[in-house]
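Undergrad: Contents of start-v2.tsv (TSV, C-alpha atoms):
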```tsv
chain	number	residue	atom	x	y	z
P	4	MET	CA	17.75	141.58	-168.37
P	5	ALA	CA	20.38	139.84	-170.49
P	6	LYS	CA	23.48	138.60	-168.74
P	7	LYS	CA	26.88	139.99	-169.60
P	8	ASP	CA	29.22	137.95	-171.70
P	9	TYR	CA	31.37	135.81	-169.39
P	10	TYR	CA	34.47	136.19	-171.56
P	11	GLU	CA	33.99	139.95	-171.54
P	12	LEU	CA	33.53	139.93	-167.76
P	13	LEU	CA	36.88	138.20	-167.28
P	14	GLY	CA	38.55	140.22	-170.03
P	15	VAL	CA	39.70	137.20	-172.04
P	16	SER	CA	39.17	135.92	-175.57
P	17	LYS	CA	36.78	133.05	-176.38
P	18	ASP	CA	39.72	130.71	-177.01
P	19	ALA	CA	41.41	131.55	-173.71
P	20	SER	CA	43.32	128.71	-172.07
P	21	GLU	CA	42.69	127.41	-168.57
P	22	ASP	CA	45.72	129.32	-167.26
P	23	GLU	CA	44.53	132.57	-168.85
P	24	LEU	CA	41.10	132.14	-167.28
P	25	LYS	CA	42.63	131.46	-163.89
P	26	LYS	CA	44.96	134.49	-164.02
P	27	ALA	CA	42.11	136.79	-165.05
P	28	TYR	CA	39.89	135.41	-162.32
P	29	ARG	CA	42.51	135.79	-159.57
P	30	ARG	CA	43.18	139.37	-160.58
P	31	LEU	CA	39.50	140.36	-160.61
P	32	ALA	CA	38.66	138.42	-157.45
P	33	LYS	CA	41.27	140.43	-155.56
P	34	LYS	CA	40.07	143.66	-157.11
P	35	TYR	CA	36.39	143.23	-156.32
P	36	HIS	CA	36.48	141.28	-153.06
P	37	PRO	CA	34.13	143.08	-150.61
P	38	ASP	CA	36.82	143.18	-147.93
P	39	ALA	CA	39.06	145.11	-150.31
P	40	ASN	CA	36.29	147.66	-150.98
P	41	PRO	CA	35.01	148.74	-147.56
P	42	ASP	CA	33.63	152.02	-148.94
P	43	ASN	CA	31.64	150.37	-151.72
P	44	LYS	CA	30.88	146.87	-150.45
P	45	GLN	CA	27.48	146.38	-152.11
P	46	GLU	CA	28.65	147.17	-155.64
P	47	ALA	CA	31.90	145.26	-155.14
P	48	GLU	CA	30.02	142.20	-153.89
P	49	ALA	CA	27.74	142.24	-156.95
P	50	LYS	CA	30.74	142.50	-159.27
P	51	PHE	CA	32.59	139.84	-157.30
P	52	LYS	CA	29.68	137.40	-157.71
P	53	GLU	CA	29.54	138.08	-161.46
P	54	VAL	CA	33.25	137.31	-161.80
P	55	ASN	CA	32.91	134.18	-159.66
P	56	GLU	CA	29.91	133.02	-161.75
P	57	ALA	CA	31.78	133.58	-165.01
P	58	TYR	CA	34.84	131.64	-163.86
P	59	GLU	CA	32.73	128.84	-162.37
P	60	THR	CA	31.14	128.31	-165.80
P	61	LEU	CA	34.18	128.76	-168.07
P	62	SER	CA	36.55	126.71	-165.90
P	63	ASN	CA	34.24	123.68	-166.19
P	64	PRO	CA	34.69	122.06	-169.65
P	65	GLU	CA	31.10	120.78	-169.81
P	66	LYS	CA	29.54	124.07	-168.67
P	67	ARG	CA	31.84	126.02	-171.00
P	68	ARG	CA	30.80	123.85	-173.98
P	69	MET	CA	27.12	124.46	-173.25
P	70	TYR	CA	27.72	128.20	-172.69
P	71	ASP	CA	29.57	128.48	-176.02
P	72	GLN	CA	26.69	126.64	-177.73
P	73	PHE	CA	23.74	128.49	-176.21
P	74	GLY	CA	25.19	131.89	-175.27
P	75	PRO	CA	24.93	133.98	-172.07
P	76	ASP	CA	21.12	133.83	-171.83
P	77	GLY	CA	20.14	130.67	-173.70
P	78	PRO	CA	16.56	130.17	-174.96
P	79	GLN	CA	14.19	131.90	-172.57
P	80	GLY	CA	11.32	130.49	-170.54
P	81	PHE	CA	12.68	127.21	-169.24
P	82	GLY	CA	10.80	126.00	-166.18
P	83	GLY	CA	11.19	123.30	-163.60
P	84	GLY	CA	12.87	124.84	-160.58
P	85	ASN	CA	15.14	127.18	-162.46
P	86	PRO	CA	15.20	130.49	-160.60
P	87	GLY	CA	16.73	132.24	-163.58
P	88	GLY	CA	13.84	131.26	-165.87
P	89	GLY	CA	16.02	130.30	-168.85
P	90	TYR	CA	16.33	127.03	-170.71
P	91	TYR	CA	20.00	126.70	-169.96
P	92	SER	CA	20.95	128.46	-166.76
P	93	TYR	CA	24.50	129.37	-165.88
P	94	SER	CA	23.76	131.41	-162.79
P	95	SER	CA	25.47	130.63	-159.54
P	96	SER	CA	23.29	129.99	-156.54
P	97	GLY	CA	25.60	132.08	-154.38
P	98	PHE	CA	29.24	132.49	-153.53
P	99	ASP	CA	30.63	129.23	-152.18
P	100	GLY	CA	34.15	130.42	-151.47
P	101	PHE	CA	37.20	129.16	-153.30
P	102	SER	CA	36.96	125.52	-152.27
P	103	ASP	CA	37.00	124.42	-155.95
P	104	PHE	CA	40.11	126.42	-156.78
P	105	GLY	CA	42.80	124.98	-154.56
P	106	ASP	CA	45.71	127.14	-155.71
P	107	LEU	CA	44.09	130.47	-154.84
P	108	GLY	CA	45.41	130.63	-151.28
P	109	ASP	CA	47.01	133.99	-151.93
P	110	ILE	CA	43.55	135.54	-152.27
P	111	PHE	CA	42.69	134.46	-148.76
P	112	SER	CA	46.07	135.64	-147.61
P	113	SER	CA	45.38	139.10	-149.00
P	114	PHE	CA	42.24	139.57	-146.92
P	115	PHE	CA	42.40	137.26	-143.94
P	116	GLY	CA	46.08	137.45	-143.03
P	117	GLY	CA	46.87	133.85	-143.73
P	118	GLY	CA	46.67	131.08	-146.23
P	119	PHE	CA	46.12	127.37	-146.52
P	120	SER	CA	48.18	125.31	-144.14
P	121	ASN	CA	49.98	122.19	-145.27
P	122	GLY	CA	47.46	120.13	-143.35
P	123	ARG	CA	43.96	119.74	-144.75
P	124	ARG	CA	41.56	122.08	-143.02
P	125	ALA	CA	38.03	121.10	-142.19
P	126	ASP	CA	35.48	122.89	-144.33
P	127	ASN	CA	32.57	123.82	-142.11
P	128	GLY	CA	31.10	126.33	-144.55
P	129	PRO	CA	28.10	125.89	-146.85
P	130	LYS	CA	28.47	123.21	-149.52
P	131	LYS	CA	26.52	122.84	-152.73
P	132	GLY	CA	24.57	119.61	-153.14
P	133	ALA	CA	25.50	116.92	-155.65
P	134	ASP	CA	24.28	117.14	-159.25
P	135	LEU	CA	21.87	114.54	-160.64
P	136	ARG	CA	21.48	113.16	-164.16
P	137	ALA	CA	18.48	111.79	-166.05
P	138	ASN	CA	17.39	110.91	-169.60
P	139	ILE	CA	14.17	111.74	-171.44
P	140	ASP	CA	13.06	110.04	-174.67
P	141	ILE	CA	10.94	112.15	-177.03
P	142	SER	CA	9.52	111.76	-180.54
P	143	TYR	CA	10.30	113.81	-183.64
P	144	GLU	CA	6.93	115.51	-183.28
P	145	GLU	CA	7.66	116.52	-179.68
P	146	ALA	CA	11.12	117.79	-180.62
P	147	PHE	CA	9.58	119.76	-183.49
P	148	THR	CA	6.95	121.59	-181.42
P	149	GLY	CA	8.50	121.49	-177.97
P	150	VAL	CA	6.87	119.66	-175.08
P	151	GLU	CA	6.57	119.60	-171.30
P	152	LYS	CA	7.48	116.33	-169.63
P	153	GLU	CA	7.39	115.13	-166.05
P	154	ILE	CA	10.07	112.80	-164.76
P	155	SER	CA	10.60	110.98	-161.47
P	156	ILE	CA	13.96	111.16	-159.76
P	157	SER	CA	15.22	109.71	-156.51
P	158	ARG	CA	16.96	112.32	-154.38
P	159	ASP	CA	17.48	113.43	-150.81
P	160	GLU	CA	15.16	116.16	-149.61
P	161	THR	CA	15.30	118.30	-146.51
P	162	CYS	CA	13.62	116.56	-143.60
P	163	LYS	CA	10.40	118.44	-142.78
P	164	THR	CA	10.31	117.17	-139.21
P	165	CYS	CA	13.58	118.82	-138.17
P	166	SER	CA	13.85	121.38	-141.02
P	167	GLY	CA	17.16	119.85	-141.97
P	168	SER	CA	18.91	120.34	-138.63
P	169	GLY	CA	19.08	116.59	-137.92
P	170	ALA	CA	18.11	117.25	-134.30
P	171	LYS	CA	14.88	116.19	-132.61
P	172	PRO	CA	12.29	119.04	-132.67
P	173	GLY	CA	12.75	121.21	-129.60
P	174	THR	CA	16.47	120.41	-129.43
P	175	HIS	CA	19.47	121.58	-131.39
P	176	ALA	CA	22.97	120.51	-132.32
P	177	GLU	CA	25.57	121.51	-129.76
P	178	THR	CA	29.11	122.68	-130.27
P	179	CYS	CA	31.52	119.78	-130.05
P	180	SER	CA	33.23	119.82	-126.66
P	181	VAL	CA	36.34	118.06	-128.00
P	182	CYS	CA	37.30	120.35	-130.90
P	183	LYS	CA	35.38	123.41	-129.65
P	184	GLY	CA	33.48	123.63	-132.95
P	185	THR	CA	36.52	123.73	-135.24
P	186	GLY	CA	36.11	120.18	-136.51
P	187	GLN	CA	39.84	119.60	-135.99
P	188	ILE	CA	42.14	118.31	-133.33
P	189	ARG	CA	45.61	119.87	-133.25
P	190	GLN	CA	48.46	118.14	-131.53
P	191	THR	CA	52.01	119.32	-130.88
P	192	GLN	CA	54.80	116.75	-130.65
P	193	ASN	CA	58.41	117.30	-129.75
P	194	THR	CA	60.81	115.68	-132.22
P	195	ILE	CA	64.54	115.85	-132.89
P	196	LEU	CA	63.69	118.55	-135.44
P	197	GLY	CA	61.75	120.57	-132.91
P	198	ALA	CA	58.05	120.96	-132.14
P	199	MET	CA	55.81	119.63	-134.91
P	200	GLN	CA	52.12	120.43	-135.07
P	201	THR	CA	49.71	117.99	-136.71
P	202	THR	CA	46.02	118.35	-137.46
P	203	ARG	CA	43.41	115.63	-137.79
P	204	THR	CA	39.64	115.50	-138.17
P	205	CYS	CA	37.78	115.39	-134.91
P	206	SER	CA	36.37	111.88	-134.45
P	207	ASN	CA	33.76	113.03	-131.98
P	208	CYS	CA	31.86	115.21	-134.50
P	209	ASN	CA	33.37	113.81	-137.72
P	210	GLY	CA	34.72	117.23	-138.58
P	211	THR	CA	31.39	119.06	-138.44
P	212	GLY	CA	32.07	120.93	-135.22
P	213	LYS	CA	28.57	120.01	-133.99
P	214	VAL	CA	27.19	117.09	-132.01
P	215	ILE	CA	23.54	115.98	-132.13
P	216	LYS	CA	22.64	114.34	-128.84
P	217	GLU	CA	18.98	113.72	-129.72
P	218	PRO	CA	18.67	112.86	-133.43
P	219	CYS	CA	15.47	113.39	-135.39
P	220	VAL	CA	13.45	110.16	-135.49
P	221	ASP	CA	12.62	110.56	-139.19
P	222	CYS	CA	16.03	111.35	-140.69
P	223	HIS	CA	18.15	109.83	-137.88
P	224	GLY	CA	20.30	112.93	-137.63
P	225	LYS	CA	21.09	113.26	-141.35
P	226	GLY	CA	18.79	116.23	-141.96
P	227	THR	CA	17.58	114.67	-145.21
P	228	VAL	CA	15.27	111.84	-146.26
P	229	ARG	CA	15.26	109.88	-149.54
P	230	LYS	CA	12.19	110.51	-151.68
P	231	ILE	CA	10.90	110.13	-155.22
P	232	ALA	CA	10.40	113.63	-156.61
P	233	ARG	CA	8.45	114.53	-159.75
P	234	VAL	CA	9.99	117.32	-161.79
P	235	LYS	CA	8.45	119.11	-164.78
P	236	VAL	CA	10.76	119.77	-167.70
P	237	LYS	CA	9.98	122.18	-170.53
P	238	ILE	CA	11.75	120.95	-173.64
P	239	PRO	CA	12.22	123.68	-176.28
P	240	ALA	CA	11.19	123.26	-179.90
P	241	GLY	CA	14.08	122.15	-182.11
P	242	ILE	CA	16.11	120.33	-179.47
P	243	ASP	CA	18.32	117.61	-180.93
P	244	ASP	CA	19.42	114.15	-179.90
P	245	ASN	CA	21.88	114.06	-176.96
P	246	GLN	CA	21.51	117.75	-176.16
P	247	ARG	CA	21.33	118.59	-172.48
P	248	ILE	CA	19.01	120.70	-170.39
P	249	VAL	CA	20.09	121.96	-166.97
P	250	LEU	CA	17.59	122.62	-164.22
P	251	ARG	CA	19.25	124.65	-161.52
P	252	GLY	CA	18.45	123.71	-157.95
P	253	GLU	CA	16.80	120.37	-158.76
P	254	GLY	CA	19.69	118.20	-157.54
P	255	GLU	CA	20.62	116.97	-154.08
P	256	PRO	CA	20.26	119.43	-151.18
P	257	GLY	CA	23.34	121.29	-149.99
P	258	SER	CA	24.77	121.05	-146.52
P	259	LYS	CA	25.20	123.71	-143.88
P	260	GLY	CA	22.94	126.10	-145.75
P	261	GLY	CA	24.55	125.49	-149.13
P	262	PRO	CA	22.51	125.60	-152.36
P	263	LYS	CA	21.00	122.56	-154.02
P	264	GLY	CA	22.79	120.79	-156.83
P	265	ASP	CA	21.58	120.82	-160.43
P	266	LEU	CA	19.74	118.30	-162.58
P	267	TYR	CA	21.29	117.52	-165.98
P	268	ILE	CA	18.81	116.00	-168.43
P	269	THR	CA	19.96	114.37	-171.66
P	270	ILE	CA	17.39	114.36	-174.47
P	271	ARG	CA	17.21	111.22	-176.59
P	272	LEU	CA	15.35	111.44	-179.89
P	273	ARG	CA	13.48	108.29	-180.86
P	274	LYS	CA	13.91	107.06	-184.44
P	275	ASN	CA	11.25	107.94	-186.99
P	276	SER	CA	10.04	105.54	-189.68
P	277	ILE	CA	9.86	108.28	-192.32
P	278	PHE	CA	12.27	111.06	-191.42
P	279	THR	CA	15.91	111.43	-190.47
P	280	ARG	CA	17.60	114.53	-189.13
P	281	ASN	CA	20.89	116.31	-189.63
P	282	GLY	CA	21.19	119.51	-187.66
P	283	ASP	CA	18.00	121.50	-188.23
P	284	ASN	CA	17.22	119.88	-191.61
P	285	VAL	CA	14.82	116.95	-192.08
P	286	TYR	CA	15.25	114.27	-194.76
P	287	CYS	CA	12.92	111.69	-196.27
P	288	GLU	CA	12.51	109.53	-199.39
P	289	ILE	CA	9.49	109.78	-201.71
P	290	PRO	CA	8.70	106.94	-204.17
P	291	ILE	CA	7.36	108.03	-207.59
P	292	THR	CA	6.27	106.13	-210.69
P	293	PHE	CA	8.07	105.88	-214.00
P	294	THR	CA	5.47	108.08	-215.68
P	295	GLN	CA	5.61	110.71	-212.92
P	296	ALA	CA	9.35	110.93	-213.34
P	297	THR	CA	9.02	111.11	-217.13
P	298	LEU	CA	6.13	113.55	-217.44
P	299	GLY	CA	6.55	115.49	-214.20
P	300	ALA	CA	3.92	115.50	-211.47
P	301	GLU	CA	2.50	117.30	-208.47
P	302	LEU	CA	3.40	115.35	-205.34
P	303	GLU	CA	2.10	115.52	-201.77
P	304	ILE	CA	5.08	115.53	-199.42
P	305	PRO	CA	4.48	114.57	-195.76
P	306	THR	CA	5.80	116.81	-192.97
P	307	ILE	CA	6.76	115.90	-189.42
P	308	LEU	CA	3.39	116.97	-188.03
P	309	GLY	CA	1.51	114.81	-190.57
P	310	GLU	CA	0.45	117.62	-192.86
P	311	LYS	CA	0.90	117.45	-196.65
P	312	VAL	CA	2.81	119.99	-198.72
P	313	LYS	CA	2.27	120.07	-202.49
P	314	TYR	CA	5.41	120.14	-204.62
P	315	THR	CA	5.70	119.91	-208.42
P	316	ILE	CA	8.64	117.97	-209.83
P	317	PRO	CA	9.71	118.68	-213.44
P	318	GLU	CA	9.47	116.21	-216.33
P	319	GLY	CA	12.51	114.06	-216.80
P	320	THR	CA	13.21	113.81	-213.05
P	321	GLN	CA	15.94	111.27	-212.42
P	322	HIS	CA	16.09	108.61	-209.73
P	323	GLY	CA	17.80	109.99	-206.62
P	324	ALA	CA	17.10	113.65	-207.41
P	325	LYS	CA	16.78	115.86	-204.30
P	326	PHE	CA	14.32	118.69	-203.76
P	327	THR	CA	14.10	121.21	-200.90
P	328	ILE	CA	11.04	122.68	-199.20
P	329	ARG	CA	12.10	125.73	-197.23
P	330	ASN	CA	11.31	126.26	-193.53
P	331	GLN	CA	9.79	122.82	-192.97
P	332	GLY	CA	12.64	121.58	-190.78
P	333	PHE	CA	13.37	122.04	-187.07
P	334	LYS	CA	13.63	125.39	-185.37
P	335	ASN	CA	17.06	126.29	-184.05
P	336	VAL	CA	17.00	126.36	-180.24
P	337	ASN	CA	19.28	129.39	-180.12
P	338	SER	CA	17.92	131.60	-182.92
P	339	ASN	CA	14.95	132.28	-185.19
P	340	TYR	CA	16.40	130.12	-187.96
P	341	GLN	CA	14.35	127.15	-189.18
P	342	GLY	CA	15.74	124.26	-191.19
P	343	ASP	CA	14.42	122.77	-194.43
P	344	LEU	CA	12.74	119.56	-195.53
P	345	VAL	CA	14.84	117.75	-198.15
P	346	PHE	CA	13.25	114.82	-199.99
P	347	THR	CA	14.82	112.35	-202.41
P	348	VAL	CA	12.71	110.80	-205.17
P	349	LEU	CA	13.01	107.09	-205.81
P	350	VAL	CA	11.74	106.09	-209.26
P	351	GLN	CA	9.91	102.77	-209.09
P	352	VAL	CA	9.99	100.65	-212.27
P	353	PRO	CA	6.90	98.43	-212.69
P	354	LYS	CA	7.64	94.74	-212.33
P	355	ARG	CA	4.59	93.43	-214.17
P	356	LEU	CA	2.87	94.92	-217.24
P	357	SER	CA	-0.29	94.02	-219.07
P	358	LYS	CA	-0.05	93.26	-222.79
P	359	GLU	CA	-1.54	96.65	-223.59
P	360	GLN	CA	0.96	98.45	-221.35
P	361	ARG	CA	3.84	96.52	-222.83
P	362	ASP	CA	2.75	97.33	-226.40
P	363	ILE	CA	2.51	101.03	-225.53
P	364	LEU	CA	6.00	101.04	-224.05
P	365	MET	CA	7.40	99.19	-227.06
P	366	GLN	CA	5.86	101.78	-229.39
P	367	LEU	CA	7.38	104.49	-227.19
P	368	ALA	CA	10.75	102.83	-227.41
P	369	LYS	CA	10.53	102.77	-231.22
P	370	THR	CA	9.77	106.49	-231.35
P	371	MET	CA	12.82	107.13	-229.23
P	372	ASN	CA	15.05	104.99	-231.45
P	373	GLU	CA	15.40	102.41	-228.76
P	374	GLN	CA	15.55	98.69	-229.48
P	375	PRO	CA	12.57	97.04	-227.77
P	376	PRO	CA	13.29	93.86	-225.85
P	377	ILE	CA	12.90	90.63	-227.91
P	378	LYS	CA	11.15	87.81	-226.14
P	379	LYS	CA	13.28	84.70	-226.67
P	380	ARG	CA	11.75	81.32	-227.31
P	381	GLY	CA	12.26	78.49	-224.92
P	382	LEU	CA	14.96	75.89	-225.50
P	383	PHE	CA	12.48	73.41	-226.99
P	384	GLY	CA	10.15	76.00	-228.54
```
Will you turn the file into C-alpha cells for me?

TA:
Amino acid sequence: MAKKDYYELLGVSKDASEDELKKAYRRLAKKYHPDANPDNKQEAEAKFKEVNEAYETLSNPEKRRMYDQFGPDGPQGFGGGNPGGGYYSYSSSGFDGFSDFGDLGDIFSSFFGGGFSNGRRADNGPKKGADLRANIDISYEEAFTGVEKEISISRDETCKTCSGSGAKPGTHAETCSVCKGTGQIRQTQNTILGAMQTTRTCSNCNGTGKVIKEPCVDCHGKGTVRKIARVKVKIPAGIDDNQRIVLRGEGEPGSKGGPKGDLYITIRLRKNSIFTRNGDNVYCEIPITFTQATLGAELEIPTILGEKVKYTIPEGTQHGAKFTIRNQGFKNVNSNYQGDLVFTVLVQVPKRLSKEQRDILMQLAKTMNEQPPIKKRGLFG
C-alpha cells in the first residue's frame, strides 16, 4: 500500500521552510497524541506515528532531498534488511519521543504536567542506534541491468550470550541504589538567593539507572560485540554515480530496546572506455571513413551490454554529427522512462594513399571543380 505524501500529511507545501514544518508538526503532534485521545487511542497513535515519521524525514536535509528525488514509496523491491521492502525507505522504526526536537517542551507539558527543566535530564528511554556508511563500486553494465552485491561492514551486534542485557546469564541488572533508577543525583544547596537545586548524572550507574554486578564474560557488560557482518544490497537498474541507497535497520544496534540505525550506501560508477553518461542518456564516439561519410553507410553501433544496433547515416555526413538511438540508455530509477544512446561520428581522413587511390581522388577533385594538390619538387630537384 502506497504511503501518503509527507507534505500532505503535515499540511504544508513542498517548499515549506524549517519553521513552517516545525509549526505544522507541533500542531498535529498535540492533536493526535494518544494521551489527548483517550476514546480513540489506537487510531490516534497510528496518525501520530505517521506525523512523526513525516517530520522526521522532512526536517532532515539529507532525508528530505532523497524523499523529494524518489517520492513517498521509491522504487519497490529493495532488499537487505529493509522491513518496508522498498529501495529507499523513509519509514520510522517506531516512536522515539521528541529527543531530537529540543524546543517542543510544551508538547510534554500539555500531557504530562511539566516540561524540560533547566538542567539536562537523563534520557533512560530507548535510543536508536548510530547510522553507518559504505561505498560500492559498480560497472556501467551492472548499473544498466541492476545487480545484487554483498558487502562487509564492521558493526556492533547484540551479544547472543546475554541477549544484550550486559549481565551474566542467570543474573540481571539491578536498580541503582544511589539514584534509585533515575540516573540523576539532585542536590539542594542554601545560598544567599535561597535554596538552589542542582542535578548531575549519577556516577555510580553513569546515568543509566541500572548497575550490573556480574557482567557478561563475552561483552563485558556492554550488551554488544564487534563483528564483521555481510549485507546483501539490491542495486536497482539505472542508478547513477553518487546516488545513495538506504537500508533501514542495518546500522548499529539501539540501546534500551531502541531500533537499529540505518546503513547509507553510496554508489560509485566506474569509468567506461567507450561510454559516458549524463542523466539517463549514454554517449559514445564512432569513427567512420571518408567514403562512409561521403556516400552514407550502415553502421553497427555498440550498446552497453555489448550488443550491436544497426544505424544508417545519410550521405554527406559531417565530422562531429550526432545521431540518437531511442531507448538504449539507462532506465530511470523512479519511473518507466528510459534514456537514449547518442553517438557522435568522427570522420577519419586516410594518412597514406596508394598511387591508384590518389589518382582516383584527384579525378574526383577535378569533377568537383577543386584544385588538386600539386606535388612540389625538392630544393635541388

Undergrad: Taking (13.2, 126.8, -192.3) in the file's coordinates, which residues come within 9 Å, counting all atoms listed in the file, written as a PDB file with C-alpha atoms, in the coordinates of the input?

TA:
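The file below, selection.pdb, is the result:
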```pdb
ATOM      1  CA  ASP P 283      18.000 121.500-188.230  1.00  0.00           C
ATOM      2  CA  ASN P 284      17.220 119.880-191.610  1.00  0.00           C
ATOM      3  CA  ILE P 328      11.040 122.680-199.200  1.00  0.00           C
ATOM      4  CA  ARG P 329      12.100 125.730-197.230  1.00  0.00           C
ATOM      5  CA  ASN P 330      11.310 126.260-193.530  1.00  0.00           C
ATOM      6  CA  GLN P 331       9.790 122.820-192.970  1.00  0.00           C
ATOM      7  CA  GLY P 332      12.640 121.580-190.780  1.00  0.00           C
ATOM      8  CA  PHE P 333      13.370 122.040-187.070  1.00  0.00           C
ATOM      9  CA  LYS P 334      13.630 125.390-185.370  1.00  0.00           C
ATOM     10  CA  TYR P 340      16.400 130.120-187.960  1.00  0.00           C
ATOM     11  CA  GLN P 341      14.350 127.150-189.180  1.00  0.00           C
ATOM     12  CA  GLY P 342      15.740 124.260-191.190  1.00  0.00           C
ATOM     13  CA  ASP P 343      14.420 122.770-194.430  1.00  0.00           C
ATOM     14  CA  LEU P 344      12.740 119.560-195.530  1.00  0.00           C
TER      15      LEU P 344
END
```

Undergrad: Enter the distance from atom CA of P:Ile316 to atom CA of P:Pro290, in Å, rounded to one decimal.

TA: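 Between atom CA of P:Ile316 and atom CA of P:Pro290 the gap is 12.4 Å.
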
Undergrad: One decimal, in Å: what's the spacing between atom CA of P:Thr148 and atom CA of P:Gln72?

TA: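 Separation between atom CA of P:Thr148 and atom CA of P:Gln72: 20.7 Å.
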
Undergrad: Can you tell me how far atom CA of P:Gln321 sits from atom CA of P:Ala296, in Å to one decimal?

TA: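 Interatomic distance here is 6.7 Å.
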
Undergrad: Please check which residues have atoms at most 12 Å from (13.9, 118.1, -139.3) in the file's coordinates, counting only C-alpha atoms, and write them as a ChimeraX atom specification.

TA: /P:160-176,217-228

Undergrad: Show which residues sit within 8 Å of stretch 307-313 of chain P, as a ChimeraX atom specification. Count only C-alpha atoms, and ignore same-chain residues fewer than 4 positions away.

TA: /P:143-144,147,278,301-303

Undergrad: Counting only C-alpha atoms, which residue out of P:Thr201, P:Ser180, P:Thr269, P:Thr292 sits closest to P:Lys213?

TA: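 Result for the nearest residue to P:Lys213: P:Ser180.
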
Undergrad: Counting all atoms listed in the file, what is within 8 Å of P:Leu272, bar same-chain residues fewer than 5 positions away, as a list in words?

TA: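 The filter keeps Asp140, Ile141, Ser142, Tyr143, Ala146, Asp243, Asp244 and Asn245 of chain P.
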
Undergrad: Could you check which of P:Gln246, P:Gln192, P:Ser155, P:Asn372 is closest to P:Lys230, using all atoms listed in the file?

TA: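 The answer is P:Ser155, which sits nearest to P:Lys230.
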
Undergrad: Smallest atom-to-atom distance to P:Asp265: which of P:Lys131, P:Thr327, P:Asn40, P:Val15, using only C-alpha atoms?

TA: P:Lys131

Undergrad: Using all atoms listed in the file, which of P:Ala133, P:Leu61, P:Leu364, P:Ala240 sits nearest P:Pro256?

TA: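 Residue with the minimum atom-to-atom distance to P:Pro256: P:Ala133.
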
Undergrad: Pick the closest to P:Cys287 from P:Pro305, P:Gly74, P:Pro64, P:Gly132: which is it, counting all atoms listed in the file?

TA: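 Residue with the minimum atom-to-atom distance to P:Cys287: P:Pro305.
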